[in-house]
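Novice: So here's upload_28.txt (compact mmCIF, N, CA and C atoms).
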# COMPACT_ATOMS: atom_id res chain seq x y z
N MET P 1142 71.00 120.14 114.49
CA MET P 1142 71.24 120.26 113.07
C MET P 1142 72.63 119.74 112.71
N LEU P 1143 73.62 120.00 113.50
CA LEU P 1143 74.97 119.54 113.24
C LEU P 1143 75.04 118.02 113.23
N LEU P 1144 74.31 117.35 114.10
CA LEU P 1144 74.29 115.89 114.16
C LEU P 1144 73.79 115.31 112.85
N PHE P 1145 72.84 115.94 112.21
CA PHE P 1145 72.30 115.46 110.93
C PHE P 1145 73.38 115.38 109.86
N PHE P 1146 74.28 116.34 109.81
CA PHE P 1146 75.30 116.37 108.77
C PHE P 1146 76.53 115.55 109.12
N THR P 1147 76.70 115.14 110.36
CA THR P 1147 77.88 114.38 110.73
C THR P 1147 77.60 112.91 110.95
N SER P 1148 76.40 112.46 110.72
CA SER P 1148 76.11 111.04 110.88
C SER P 1148 75.45 110.49 109.63
N CYS P 1149 75.75 109.23 109.33
CA CYS P 1149 75.17 108.60 108.15
C CYS P 1149 73.75 108.17 108.43
N PRO P 1150 72.88 108.25 107.43
CA PRO P 1150 71.52 107.75 107.61
C PRO P 1150 71.54 106.24 107.70
N GLN P 1151 70.55 105.68 108.34
CA GLN P 1151 70.44 104.23 108.44
C GLN P 1151 69.75 103.71 107.19
N HIS P 1152 70.38 102.74 106.55
CA HIS P 1152 69.83 102.15 105.34
C HIS P 1152 69.62 100.67 105.57
N GLU P 1153 68.48 100.16 105.15
CA GLU P 1153 68.16 98.76 105.37
C GLU P 1153 68.56 97.88 104.20
N LYS P 1154 68.89 98.46 103.06
CA LYS P 1154 69.27 97.68 101.90
C LYS P 1154 70.45 98.33 101.20
N PHE P 1155 71.07 97.57 100.29
CA PHE P 1155 72.18 98.12 99.53
C PHE P 1155 71.76 99.36 98.77
N ARG P 1156 72.61 100.34 98.75
CA ARG P 1156 72.39 101.53 97.95
C ARG P 1156 73.46 101.53 96.87
N GLU P 1157 73.11 101.97 95.71
CA GLU P 1157 74.06 102.05 94.62
C GLU P 1157 74.14 103.47 94.11
N ILE P 1158 75.36 103.89 93.82
CA ILE P 1158 75.52 105.21 93.24
C ILE P 1158 74.93 105.18 91.83
N PRO P 1159 74.52 106.30 91.29
CA PRO P 1159 73.97 106.32 89.93
C PRO P 1159 74.98 105.78 88.90
N ALA P 1160 74.48 105.02 87.94
CA ALA P 1160 75.34 104.42 86.93
C ALA P 1160 76.06 105.49 86.12
N THR P 1161 77.33 105.29 85.92
CA THR P 1161 78.16 106.18 85.13
C THR P 1161 79.02 105.32 84.21
N TYR P 1162 79.08 105.67 82.94
CA TYR P 1162 79.88 104.90 81.99
C TYR P 1162 81.37 105.09 82.31
N VAL P 1163 82.08 103.97 82.43
CA VAL P 1163 83.51 104.00 82.70
C VAL P 1163 84.22 103.07 81.71
N ASN P 1164 85.25 103.58 81.08
CA ASN P 1164 86.06 102.78 80.16
C ASN P 1164 87.33 103.57 79.87
N PHE P 1165 88.41 103.25 80.61
CA PHE P 1165 89.67 103.94 80.37
C PHE P 1165 90.85 102.98 80.54
N ILE P 1166 91.97 103.37 79.98
CA ILE P 1166 93.18 102.55 79.96
C ILE P 1166 94.19 103.11 80.95
N VAL P 1167 94.87 102.20 81.67
CA VAL P 1167 95.95 102.58 82.59
C VAL P 1167 97.18 101.78 82.20
N ARG P 1168 98.31 102.44 82.20
CA ARG P 1168 99.60 101.78 81.94
C ARG P 1168 100.35 101.72 83.27
N PRO P 1169 100.10 100.65 84.05
CA PRO P 1169 100.62 100.62 85.42
C PRO P 1169 102.14 100.59 85.56
N PHE P 1170 102.85 100.23 84.52
CA PHE P 1170 104.30 100.14 84.65
C PHE P 1170 105.03 101.18 83.82
N SER P 1171 104.31 102.24 83.40
CA SER P 1171 104.98 103.32 82.68
C SER P 1171 105.84 104.12 83.65
N LEU P 1172 106.73 104.90 83.12
CA LEU P 1172 107.70 105.62 83.96
C LEU P 1172 107.07 106.62 84.92
N ASP P 1173 105.91 107.18 84.56
CA ASP P 1173 105.30 108.21 85.40
C ASP P 1173 104.11 107.70 86.21
N ASN P 1174 103.97 106.40 86.34
CA ASN P 1174 102.78 105.88 87.00
C ASN P 1174 103.04 105.53 88.46
N ASP P 1175 102.07 105.85 89.31
CA ASP P 1175 102.15 105.56 90.74
C ASP P 1175 101.83 104.12 91.07
N LEU P 1176 101.48 103.32 90.10
CA LEU P 1176 101.02 101.95 90.35
C LEU P 1176 102.10 100.89 90.20
N HIS P 1177 103.36 101.26 90.12
CA HIS P 1177 104.45 100.29 89.93
C HIS P 1177 104.43 99.19 90.98
N ALA P 1178 104.49 99.55 92.21
CA ALA P 1178 104.67 98.58 93.29
C ALA P 1178 103.33 98.06 93.82
N ILE P 1179 103.36 96.81 94.27
CA ILE P 1179 102.19 96.22 94.94
C ILE P 1179 101.88 97.05 96.17
N GLY P 1180 100.61 97.36 96.38
CA GLY P 1180 100.19 98.19 97.51
C GLY P 1180 100.05 99.65 97.15
N ASN P 1181 100.53 100.04 95.98
CA ASN P 1181 100.37 101.43 95.55
C ASN P 1181 98.99 101.65 94.97
N TYR P 1182 98.62 102.91 94.85
CA TYR P 1182 97.31 103.27 94.35
C TYR P 1182 97.39 104.58 93.58
N LYS P 1183 96.36 104.82 92.78
CA LYS P 1183 96.31 106.08 92.04
C LYS P 1183 94.86 106.49 91.89
N TYR P 1184 94.62 107.79 92.08
CA TYR P 1184 93.28 108.36 91.90
C TYR P 1184 93.10 108.83 90.46
N PHE P 1185 91.91 108.60 89.94
CA PHE P 1185 91.52 109.10 88.62
C PHE P 1185 90.27 109.96 88.83
N PRO P 1186 90.45 111.24 89.19
CA PRO P 1186 89.33 112.08 89.59
C PRO P 1186 88.30 112.39 88.51
N ALA P 1187 88.67 112.27 87.24
CA ALA P 1187 87.74 112.60 86.16
C ALA P 1187 86.92 111.39 85.70
N GLN P 1188 87.03 110.27 86.39
CA GLN P 1188 86.34 109.04 85.98
C GLN P 1188 85.27 108.67 87.00
N GLY P 1189 84.30 107.87 86.57
CA GLY P 1189 83.27 107.37 87.47
C GLY P 1189 82.31 108.45 87.94
N TYR P 1190 81.57 108.14 89.00
CA TYR P 1190 80.60 109.10 89.54
C TYR P 1190 81.31 110.23 90.28
N ASN P 1191 82.33 109.86 91.07
CA ASN P 1191 83.02 110.87 91.88
C ASN P 1191 84.52 110.62 91.89
N GLY P 1192 85.04 110.03 90.81
CA GLY P 1192 86.44 109.66 90.75
C GLY P 1192 86.59 108.17 91.03
N ILE P 1193 87.74 107.63 90.65
CA ILE P 1193 88.01 106.20 90.84
C ILE P 1193 89.39 106.05 91.44
N ILE P 1194 89.54 105.07 92.33
CA ILE P 1194 90.85 104.68 92.83
C ILE P 1194 91.18 103.32 92.24
N VAL P 1195 92.41 103.19 91.73
CA VAL P 1195 92.91 101.90 91.26
C VAL P 1195 94.00 101.49 92.24
N TYR P 1196 93.93 100.26 92.74
CA TYR P 1196 94.84 99.74 93.76
C TYR P 1196 95.58 98.53 93.20
N HIS P 1197 96.89 98.50 93.36
CA HIS P 1197 97.72 97.38 92.89
C HIS P 1197 97.76 96.31 93.97
N LEU P 1198 96.98 95.25 93.78
CA LEU P 1198 96.80 94.21 94.79
C LEU P 1198 97.91 93.17 94.80
N SER P 1199 98.25 92.64 93.65
CA SER P 1199 99.30 91.61 93.55
C SER P 1199 100.03 91.78 92.23
N THR P 1200 100.92 90.87 91.92
CA THR P 1200 101.72 90.98 90.71
C THR P 1200 100.88 91.29 89.48
N SER P 1201 99.75 90.63 89.36
CA SER P 1201 98.93 90.81 88.15
C SER P 1201 97.51 91.28 88.43
N GLU P 1202 97.20 91.62 89.68
CA GLU P 1202 95.83 92.03 90.01
C GLU P 1202 95.74 93.48 90.46
N PHE P 1203 94.70 94.13 89.96
CA PHE P 1203 94.38 95.50 90.34
C PHE P 1203 92.91 95.55 90.71
N LEU P 1204 92.56 96.43 91.64
CA LEU P 1204 91.17 96.66 92.04
C LEU P 1204 90.82 98.10 91.71
N ALA P 1205 89.54 98.34 91.43
CA ALA P 1205 89.10 99.71 91.14
C ALA P 1205 87.75 99.96 91.81
N TYR P 1206 87.65 101.06 92.54
CA TYR P 1206 86.42 101.44 93.24
C TYR P 1206 86.09 102.90 92.94
N ASP P 1207 84.80 103.19 92.93
CA ASP P 1207 84.37 104.58 92.82
C ASP P 1207 84.65 105.28 94.14
N LEU P 1208 85.02 106.54 94.08
CA LEU P 1208 85.31 107.31 95.29
C LEU P 1208 84.07 107.84 95.99
N ALA P 1209 82.90 107.65 95.39
CA ALA P 1209 81.66 108.09 96.02
C ALA P 1209 81.27 107.12 97.13
N CYS P 1210 81.02 107.64 98.31
CA CYS P 1210 80.55 106.80 99.41
C CYS P 1210 79.10 106.41 99.11
N PRO P 1211 78.79 105.12 99.03
CA PRO P 1211 77.43 104.72 98.68
C PRO P 1211 76.38 105.12 99.71
N ASN P 1212 76.80 105.37 100.92
CA ASN P 1212 75.86 105.71 101.98
C ASN P 1212 75.38 107.16 101.90
N ASP P 1213 76.21 108.05 101.37
CA ASP P 1213 75.88 109.47 101.34
C ASP P 1213 76.38 110.16 100.08
N TYR P 1214 76.34 109.50 98.95
CA TYR P 1214 76.87 110.11 97.73
C TYR P 1214 76.13 111.39 97.35
N GLU P 1215 74.84 111.49 97.76
CA GLU P 1215 74.05 112.68 97.42
C GLU P 1215 74.62 113.95 98.03
N TYR P 1216 75.39 113.81 99.10
CA TYR P 1216 75.94 114.96 99.80
C TYR P 1216 77.41 115.21 99.44
N GLY P 1217 77.90 114.53 98.41
CA GLY P 1217 79.28 114.71 97.99
C GLY P 1217 80.28 113.96 98.85
N CYS P 1218 79.83 112.97 99.59
CA CYS P 1218 80.72 112.22 100.47
C CYS P 1218 81.61 111.30 99.65
N THR P 1219 82.90 111.38 99.90
CA THR P 1219 83.87 110.60 99.15
C THR P 1219 84.76 109.78 100.07
N ILE P 1220 85.37 108.77 99.50
CA ILE P 1220 86.29 107.95 100.28
C ILE P 1220 87.72 108.27 99.86
N VAL P 1221 88.66 107.98 100.75
CA VAL P 1221 90.08 108.13 100.48
C VAL P 1221 90.76 106.86 100.98
N TYR P 1222 91.91 106.56 100.41
CA TYR P 1222 92.68 105.40 100.84
C TYR P 1222 93.59 105.79 102.00
N ASP P 1223 93.61 104.95 103.03
CA ASP P 1223 94.50 105.17 104.17
C ASP P 1223 95.59 104.10 104.12
N PRO P 1224 96.80 104.44 103.67
CA PRO P 1224 97.85 103.44 103.54
C PRO P 1224 98.31 102.84 104.87
N LYS P 1225 98.10 103.54 105.97
CA LYS P 1225 98.49 103.00 107.28
C LYS P 1225 97.65 101.80 107.67
N THR P 1226 96.35 101.82 107.30
CA THR P 1226 95.46 100.72 107.67
C THR P 1226 95.03 99.88 106.47
N SER P 1227 95.45 100.27 105.28
CA SER P 1227 95.04 99.59 104.02
C SER P 1227 93.53 99.50 103.91
N THR P 1228 92.86 100.59 104.23
CA THR P 1228 91.40 100.65 104.13
C THR P 1228 91.00 101.91 103.37
N LEU P 1229 89.76 101.93 102.95
CA LEU P 1229 89.17 103.09 102.30
C LEU P 1229 88.22 103.72 103.31
N ILE P 1230 88.30 105.03 103.51
CA ILE P 1230 87.54 105.69 104.58
C ILE P 1230 86.78 106.90 104.04
N ASP P 1231 85.54 107.02 104.50
CA ASP P 1231 84.73 108.22 104.22
C ASP P 1231 85.02 109.19 105.36
N ARG P 1232 86.05 110.00 105.22
CA ARG P 1232 86.43 110.95 106.27
C ARG P 1232 85.59 112.21 106.25
N LYS P 1233 85.00 112.52 105.12
CA LYS P 1233 84.27 113.78 104.96
C LYS P 1233 82.92 113.76 105.68
N CYS P 1234 82.25 112.62 105.72
CA CYS P 1234 80.89 112.59 106.26
C CYS P 1234 80.78 111.76 107.54
N CYS P 1235 80.68 110.45 107.39
CA CYS P 1235 80.36 109.67 108.59
C CYS P 1235 81.47 108.74 109.06
N GLY P 1236 82.60 108.70 108.36
CA GLY P 1236 83.72 107.91 108.84
C GLY P 1236 83.64 106.42 108.58
N THR P 1237 82.77 105.99 107.70
CA THR P 1237 82.67 104.56 107.38
C THR P 1237 83.99 104.08 106.79
N THR P 1238 84.45 102.92 107.23
CA THR P 1238 85.67 102.30 106.74
C THR P 1238 85.30 101.11 105.86
N PHE P 1239 85.95 101.01 104.69
CA PHE P 1239 85.67 99.94 103.74
C PHE P 1239 86.91 99.08 103.55
N ASN P 1240 86.71 97.77 103.42
CA ASN P 1240 87.79 96.83 103.17
C ASN P 1240 88.30 97.00 101.75
N ILE P 1241 89.61 97.13 101.58
CA ILE P 1241 90.19 97.34 100.25
C ILE P 1241 90.01 96.11 99.37
N LEU P 1242 89.94 94.91 99.93
CA LEU P 1242 89.83 93.69 99.14
C LEU P 1242 88.42 93.42 98.64
N SER P 1243 87.42 93.82 99.42
CA SER P 1243 86.03 93.51 99.05
C SER P 1243 85.18 94.74 98.74
N GLY P 1244 85.56 95.88 99.27
CA GLY P 1244 84.76 97.09 99.11
C GLY P 1244 83.61 97.19 100.10
N PHE P 1245 83.47 96.18 100.99
CA PHE P 1245 82.38 96.19 101.96
C PHE P 1245 82.79 96.95 103.22
N PRO P 1246 81.79 97.56 103.88
CA PRO P 1246 82.09 98.31 105.11
C PRO P 1246 82.55 97.38 106.23
N GLU P 1247 83.44 97.90 107.06
CA GLU P 1247 83.94 97.14 108.21
C GLU P 1247 83.37 97.75 109.49
N GLY P 1248 82.83 96.90 110.35
CA GLY P 1248 82.34 97.36 111.64
C GLY P 1248 81.25 98.40 111.55
N SER P 1249 80.39 98.29 110.57
CA SER P 1249 79.33 99.28 110.38
C SER P 1249 78.00 98.56 110.18
N THR P 1250 76.94 99.22 110.56
CA THR P 1250 75.61 98.65 110.33
C THR P 1250 75.10 99.02 108.94
N LEU P 1251 75.85 99.85 108.22
CA LEU P 1251 75.46 100.25 106.87
C LEU P 1251 75.90 99.16 105.90
N PRO P 1252 74.97 98.59 105.13
CA PRO P 1252 75.30 97.43 104.30
C PRO P 1252 75.91 97.72 102.94
N SER P 1253 75.90 98.94 102.49
CA SER P 1253 76.27 99.23 101.11
C SER P 1253 77.77 99.16 100.86
N PRO P 1254 78.21 98.33 99.90
CA PRO P 1254 79.63 98.30 99.54
C PRO P 1254 79.95 99.42 98.56
N LEU P 1255 81.22 99.66 98.38
CA LEU P 1255 81.66 100.61 97.36
C LEU P 1255 81.34 100.04 95.99
N HIS P 1256 81.14 100.92 95.02
CA HIS P 1256 80.91 100.46 93.66
C HIS P 1256 82.25 100.08 93.06
N SER P 1257 82.36 98.84 92.59
CA SER P 1257 83.61 98.38 92.00
C SER P 1257 83.51 98.34 90.48
N TYR P 1258 84.66 98.38 89.85
CA TYR P 1258 84.74 98.32 88.40
C TYR P 1258 85.61 97.14 87.99
N LYS P 1259 85.39 96.65 86.78
CA LYS P 1259 86.19 95.55 86.24
C LYS P 1259 87.55 96.10 85.83
N VAL P 1260 88.58 95.32 86.13
CA VAL P 1260 89.92 95.65 85.70
C VAL P 1260 90.45 94.44 84.94
N THR P 1261 90.76 94.61 83.65
CA THR P 1261 91.23 93.50 82.84
C THR P 1261 92.49 93.91 82.07
N TRP P 1262 93.39 92.95 81.91
CA TRP P 1262 94.58 93.18 81.11
C TRP P 1262 94.18 93.14 79.65
N ILE P 1263 94.62 94.13 78.87
CA ILE P 1263 94.34 94.10 77.44
C ILE P 1263 95.60 93.79 76.63
N ASN P 1264 96.75 93.95 77.25
CA ASN P 1264 98.03 93.49 76.70
C ASN P 1264 99.02 93.51 77.86
N LYS P 1265 100.31 93.29 77.58
CA LYS P 1265 101.31 93.18 78.65
C LYS P 1265 101.59 94.49 79.39
N GLU P 1266 101.14 95.60 78.82
CA GLU P 1266 101.46 96.89 79.40
C GLU P 1266 100.26 97.71 79.83
N GLU P 1267 99.05 97.27 79.50
CA GLU P 1267 97.87 98.10 79.77
C GLU P 1267 96.74 97.31 80.41
N ILE P 1268 96.06 97.98 81.34
CA ILE P 1268 94.85 97.43 81.92
C ILE P 1268 93.69 98.35 81.55
N GLN P 1269 92.52 97.78 81.50
CA GLN P 1269 91.31 98.54 81.18
C GLN P 1269 90.41 98.53 82.40
N VAL P 1270 89.93 99.69 82.78
CA VAL P 1270 88.97 99.84 83.87
C VAL P 1270 87.64 100.17 83.22
N SER P 1271 86.61 99.36 83.53
CA SER P 1271 85.33 99.54 82.86
C SER P 1271 84.18 99.03 83.72
N ASN P 1272 82.96 99.30 83.24
CA ASN P 1272 81.76 98.81 83.92
C ASN P 1272 81.61 97.33 83.61
Take the structure in the file and give it back as structure tokens.
Specialist:
Amino acid sequence: MLLFFTSCPQHEKFREIPATYVNFIVRPFSLDNDLHAIGNYKYFPAQGYNGIIVYHLSTSEFLAYDLACPNDYEYGCTIVYDPKTSTLIDRKCCGTTFNILSGFPEGSTLPSPLHSYKVTWINKEEIQVSN
């Protein structure tokens, strides 16, 4: 029984988390924001299916992923960012590691990528995260 809860099920096709409306504004260069520097990240737990992480990729680029692990979202499995390896990891359930640049799993037979969101500049100070 313990093995069932500590291993991911085998999936033959992409799985997608249930659609959730997302549309919020982030001010990455405000005084209280964790997104100032390239490589920084910030969690938005009240957004998306199970929260969203926004990652500062380059001078003008940001990435956004849902924190729900697509392989086991039904069980509350979530991903976290590991700054030591610059990867996203499902530590709670099966340990799947996802590439921060693509959202796809690394070294895994599970094909499902993380659900990503669009990030667009709406002016010089604000970005919008949306579906």
Novice: Using only N, CA and C atoms, which protein or nucleic acid residues come within 6 Å of range 1227-1229 of chain P? Drop anything in the same chain fewer than 4 positions from it, and give the result as an mmCIF file with N, CA and C atoms, in the frame of the given file.
Specialist:
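File written: part-v5.cif
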data_model
loop_
_atom_site.group_PDB
_atom_site.id
_atom_site.type_symbol
_atom_site.label_atom_id
_atom_site.label_comp_id
_atom_site.auth_asym_id
_atom_site.auth_seq_id
_atom_site.Cartn_x
_atom_site.Cartn_y
_atom_site.Cartn_z
ATOM 1 N N ILE P 1220 85.370 108.770 99.500
ATOM 2 C CA ILE P 1220 86.290 107.950 100.280
ATOM 3 C C ILE P 1220 87.720 108.270 99.860
ATOM 4 N N VAL P 1221 88.660 107.980 100.750
ATOM 5 C CA VAL P 1221 90.080 108.130 100.480
ATOM 6 C C VAL P 1221 90.760 106.860 100.980
ATOM 7 N N TYR P 1222 91.910 106.560 100.410
ATOM 8 C CA TYR P 1222 92.680 105.400 100.840
ATOM 9 C C TYR P 1222 93.590 105.790 102.000
ATOM 10 N N ASP P 1223 93.610 104.950 103.030
ATOM 11 C CA ASP P 1223 94.500 105.170 104.170
ATOM 12 C C ASP P 1223 95.590 104.100 104.120
ATOM 13 N N THR P 1237 82.770 105.990 107.700
ATOM 14 C CA THR P 1237 82.670 104.560 107.380
ATOM 15 C C THR P 1237 83.990 104.080 106.790
ATOM 16 N N THR P 1238 84.450 102.920 107.230
ATOM 17 C CA THR P 1238 85.670 102.300 106.740
ATOM 18 C C THR P 1238 85.300 101.110 105.860
ATOM 19 N N PHE P 1239 85.950 101.010 104.690
ATOM 20 C CA PHE P 1239 85.670 99.940 103.740
ATOM 21 C C PHE P 1239 86.910 99.080 103.550
ATOM 22 N N ASN P 1240 86.710 97.770 103.420
ATOM 23 C CA ASN P 1240 87.790 96.830 103.170
ATOM 24 C C ASN P 1240 88.300 97.000 101.750
ATOM 25 N N ILE P 1241 89.610 97.130 101.580
ATOM 26 C CA ILE P 1241 90.190 97.340 100.250
ATOM 27 C C ILE P 1241 90.010 96.110 99.370
#
Novice: For a test of reading the model, state the distance in Å between CA of Pro1169 in chain P and CA of His1256 in chain P, rounded to one decimal.
Specialist: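 Between CA of Pro1169 in chain P and CA of His1256 in chain P the gap works out to 21.4 Å.
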Novice: Give me, as a list in words, all polymer residues having an atom no more than 7 Å from Asn1212 in chain P, counting only C-alpha atoms and skipping those fewer than 2 positions away in the same chain.
Specialist: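 So, after excluding close chain neighbours, the residues are Cys1149, Arg1156, Cys1210, Tyr1214 and Ser1253 of chain P.
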Novice: When you draw a straight line from atom C of Val1195 in chain P to atom C of Tyr1182 in chain P, how long is it in Å?
Specialist: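 Going from atom C of Val1195 in chain P over to atom C of Tyr1182 in chain P covers 4.8 Å.
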Novice: Please report the interatomic distance between CA of Gly1248 in chain P and atom N of Ala1205 in chain P in Å with one decimal.
Specialist: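 These two atoms are separated by 21.5 Å.
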Novice: Pick out the closest residue to Asn1181 in chain P from this set: P:Gly1217, P:Thr1261, P:Pro1254, P:Tyr1196. Count all atoms listed in the file.
Specialist: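 Smallest separation from Asn1181 in chain P among the options: P:Tyr1196.
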Novice: Considering only strand (DSSP E or B) as DSSP defines it on the backbone, what residues of chain P qualify? List them as an mmCIF file with N, CA and C atoms, in the coordinates of the input.
Specialist:
data_model
loop_
_atom_site.group_PDB
_atom_site.id
_atom_site.type_symbol
_atom_site.label_atom_id
_atom_site.label_comp_id
_atom_site.auth_asym_id
_atom_site.auth_seq_id
_atom_site.Cartn_x
_atom_site.Cartn_y
_atom_site.Cartn_z
ATOM 1 N N ASN P 1164 85.250 103.580 81.080
ATOM 2 C CA ASN P 1164 86.060 102.780 80.160
ATOM 3 C C ASN P 1164 87.330 103.570 79.870
ATOM 4 N N PHE P 1165 88.410 103.250 80.610
ATOM 5 C CA PHE P 1165 89.670 103.940 80.370
ATOM 6 C C PHE P 1165 90.850 102.980 80.540
ATOM 7 N N ILE P 1166 91.970 103.370 79.980
ATOM 8 C CA ILE P 1166 93.180 102.550 79.960
ATOM 9 C C ILE P 1166 94.190 103.110 80.950
ATOM 10 N N VAL P 1167 94.870 102.200 81.670
ATOM 11 C CA VAL P 1167 95.950 102.580 82.590
ATOM 12 C C VAL P 1167 97.180 101.780 82.200
ATOM 13 N N TYR P 1182 98.620 102.910 94.850
ATOM 14 C CA TYR P 1182 97.310 103.270 94.350
ATOM 15 C C TYR P 1182 97.390 104.580 93.580
ATOM 16 N N LYS P 1183 96.360 104.820 92.780
ATOM 17 C CA LYS P 1183 96.310 106.080 92.040
ATOM 18 C C LYS P 1183 94.860 106.490 91.890
ATOM 19 N N TYR P 1184 94.620 107.790 92.080
ATOM 20 C CA TYR P 1184 93.280 108.360 91.900
ATOM 21 C C TYR P 1184 93.100 108.830 90.460
ATOM 22 N N PHE P 1185 91.910 108.600 89.940
ATOM 23 C CA PHE P 1185 91.520 109.100 88.620
ATOM 24 C C PHE P 1185 90.270 109.960 88.830
ATOM 25 N N ILE P 1193 87.740 107.630 90.650
ATOM 26 C CA ILE P 1193 88.010 106.200 90.840
ATOM 27 C C ILE P 1193 89.390 106.050 91.440
ATOM 28 N N ILE P 1194 89.540 105.070 92.330
ATOM 29 C CA ILE P 1194 90.850 104.680 92.830
ATOM 30 C C ILE P 1194 91.180 103.320 92.240
ATOM 31 N N VAL P 1195 92.410 103.190 91.730
ATOM 32 C CA VAL P 1195 92.910 101.900 91.260
ATOM 33 C C VAL P 1195 94.000 101.490 92.240
ATOM 34 N N TYR P 1196 93.930 100.260 92.740
ATOM 35 C CA TYR P 1196 94.840 99.740 93.760
ATOM 36 C C TYR P 1196 95.580 98.530 93.200
ATOM 37 N N HIS P 1197 96.890 98.500 93.360
ATOM 38 C CA HIS P 1197 97.720 97.380 92.890
ATOM 39 C C HIS P 1197 97.760 96.310 93.970
ATOM 40 N N PHE P 1203 94.700 94.130 89.960
ATOM 41 C CA PHE P 1203 94.380 95.500 90.340
ATOM 42 C C PHE P 1203 92.910 95.550 90.710
ATOM 43 N N LEU P 1204 92.560 96.430 91.640
ATOM 44 C CA LEU P 1204 91.170 96.660 92.040
ATOM 45 C C LEU P 1204 90.820 98.100 91.710
ATOM 46 N N ALA P 1205 89.540 98.340 91.430
ATOM 47 C CA ALA P 1205 89.100 99.710 91.140
ATOM 48 C C ALA P 1205 87.750 99.960 91.810
ATOM 49 N N TYR P 1206 87.650 101.060 92.540
ATOM 50 C CA TYR P 1206 86.420 101.440 93.240
ATOM 51 C C TYR P 1206 86.090 102.900 92.940
ATOM 52 N N ASP P 1207 84.800 103.190 92.930
ATOM 53 C CA ASP P 1207 84.370 104.580 92.820
ATOM 54 C C ASP P 1207 84.650 105.280 94.140
ATOM 55 N N ALA P 1209 82.900 107.650 95.390
ATOM 56 C CA ALA P 1209 81.660 108.090 96.020
ATOM 57 C C ALA P 1209 81.270 107.120 97.130
ATOM 58 N N THR P 1219 82.900 111.380 99.900
ATOM 59 C CA THR P 1219 83.870 110.600 99.150
ATOM 60 C C THR P 1219 84.760 109.780 100.070
ATOM 61 N N VAL P 1221 88.660 107.980 100.750
ATOM 62 C CA VAL P 1221 90.080 108.130 100.480
ATOM 63 C C VAL P 1221 90.760 106.860 100.980
ATOM 64 N N TYR P 1222 91.910 106.560 100.410
ATOM 65 C CA TYR P 1222 92.680 105.400 100.840
ATOM 66 C C TYR P 1222 93.590 105.790 102.000
ATOM 67 N N ASP P 1223 93.610 104.950 103.030
ATOM 68 C CA ASP P 1223 94.500 105.170 104.170
ATOM 69 C C ASP P 1223 95.590 104.100 104.120
ATOM 70 N N THR P 1228 92.860 100.590 104.230
ATOM 71 C CA THR P 1228 91.400 100.650 104.130
ATOM 72 C C THR P 1228 91.000 101.910 103.370
ATOM 73 N N LEU P 1229 89.760 101.930 102.950
ATOM 74 C CA LEU P 1229 89.170 103.090 102.300
ATOM 75 C C LEU P 1229 88.220 103.720 103.310
ATOM 76 N N ILE P 1230 88.300 105.030 103.510
ATOM 77 C CA ILE P 1230 87.540 105.690 104.580
ATOM 78 C C ILE P 1230 86.780 106.900 104.040
ATOM 79 N N THR P 1238 84.450 102.920 107.230
ATOM 80 C CA THR P 1238 85.670 102.300 106.740
ATOM 81 C C THR P 1238 85.300 101.110 105.860
ATOM 82 N N PHE P 1239 85.950 101.010 104.690
ATOM 83 C CA PHE P 1239 85.670 99.940 103.740
ATOM 84 C C PHE P 1239 86.910 99.080 103.550
ATOM 85 N N ASN P 1240 86.710 97.770 103.420
ATOM 86 C CA ASN P 1240 87.790 96.830 103.170
ATOM 87 C C ASN P 1240 88.300 97.000 101.750
ATOM 88 N N PRO P 1246 81.790 97.560 103.880
ATOM 89 C CA PRO P 1246 82.090 98.310 105.110
ATOM 90 C C PRO P 1246 82.550 97.380 106.230
ATOM 91 N N GLU P 1247 83.440 97.900 107.060
ATOM 92 C CA GLU P 1247 83.940 97.140 108.210
ATOM 93 C C GLU P 1247 83.370 97.750 109.490
ATOM 94 N N SER P 1257 82.360 98.840 92.590
ATOM 95 C CA SER P 1257 83.610 98.380 92.000
ATOM 96 C C SER P 1257 83.510 98.340 90.480
ATOM 97 N N TYR P 1258 84.660 98.380 89.850
ATOM 98 C CA TYR P 1258 84.740 98.320 88.400
ATOM 99 C C TYR P 1258 85.610 97.140 87.990
ATOM 100 N N LYS P 1259 85.390 96.650 86.780
ATOM 101 C CA LYS P 1259 86.190 95.550 86.240
ATOM 102 C C LYS P 1259 87.550 96.100 85.830
ATOM 103 N N VAL P 1260 88.580 95.320 86.130
ATOM 104 C CA VAL P 1260 89.920 95.650 85.700
ATOM 105 C C VAL P 1260 90.450 94.440 84.940
ATOM 106 N N THR P 1261 90.760 94.610 83.650
ATOM 107 C CA THR P 1261 91.230 93.500 82.840
ATOM 108 C C THR P 1261 92.490 93.910 82.070
ATOM 109 N N TRP P 1262 93.390 92.950 81.910
ATOM 110 C CA TRP P 1262 94.580 93.180 81.110
ATOM 111 C C TRP P 1262 94.180 93.140 79.650
ATOM 112 N N ILE P 1268 96.060 97.980 81.340
ATOM 113 C CA ILE P 1268 94.850 97.430 81.920
ATOM 114 C C ILE P 1268 93.690 98.350 81.550
ATOM 115 N N GLN P 1269 92.520 97.780 81.500
ATOM 116 C CA GLN P 1269 91.310 98.540 81.180
ATOM 117 C C GLN P 1269 90.410 98.530 82.400
ATOM 118 N N VAL P 1270 89.930 99.690 82.780
ATOM 119 C CA VAL P 1270 88.970 99.840 83.870
ATOM 120 C C VAL P 1270 87.640 100.170 83.220
ATOM 121 N N SER P 1271 86.610 99.360 83.530
ATOM 122 C CA SER P 1271 85.330 99.540 82.860
ATOM 123 C C SER P 1271 84.180 99.030 83.720
#
Novice: Considering only C-alpha atoms, state which residue in the set P:Ile1179, P:Cys1234, P:Ala1209, P:Leu1204 is at the smallest distance from Thr1161 in chain P.
Specialist: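 Smallest distance to Thr1161 in chain P is found for P:Ala1209.
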Novice: So that I can see what lies close to His1177 in chain P, please list as a ChimeraX atom specification the residues with an atom at most 8 Å from it, counting all atoms listed in the file and leaving out residues fewer than 6 positions away in the same chain.
Specialist: /P:1168-1171,1197
Novice: Which one is closest to Gly1244 in chain P: P:Tyr1206, P:Asp1173, P:Gln1269, P:Tyr1190? Count only N, CA and C atoms.
Specialist: P:Tyr1206
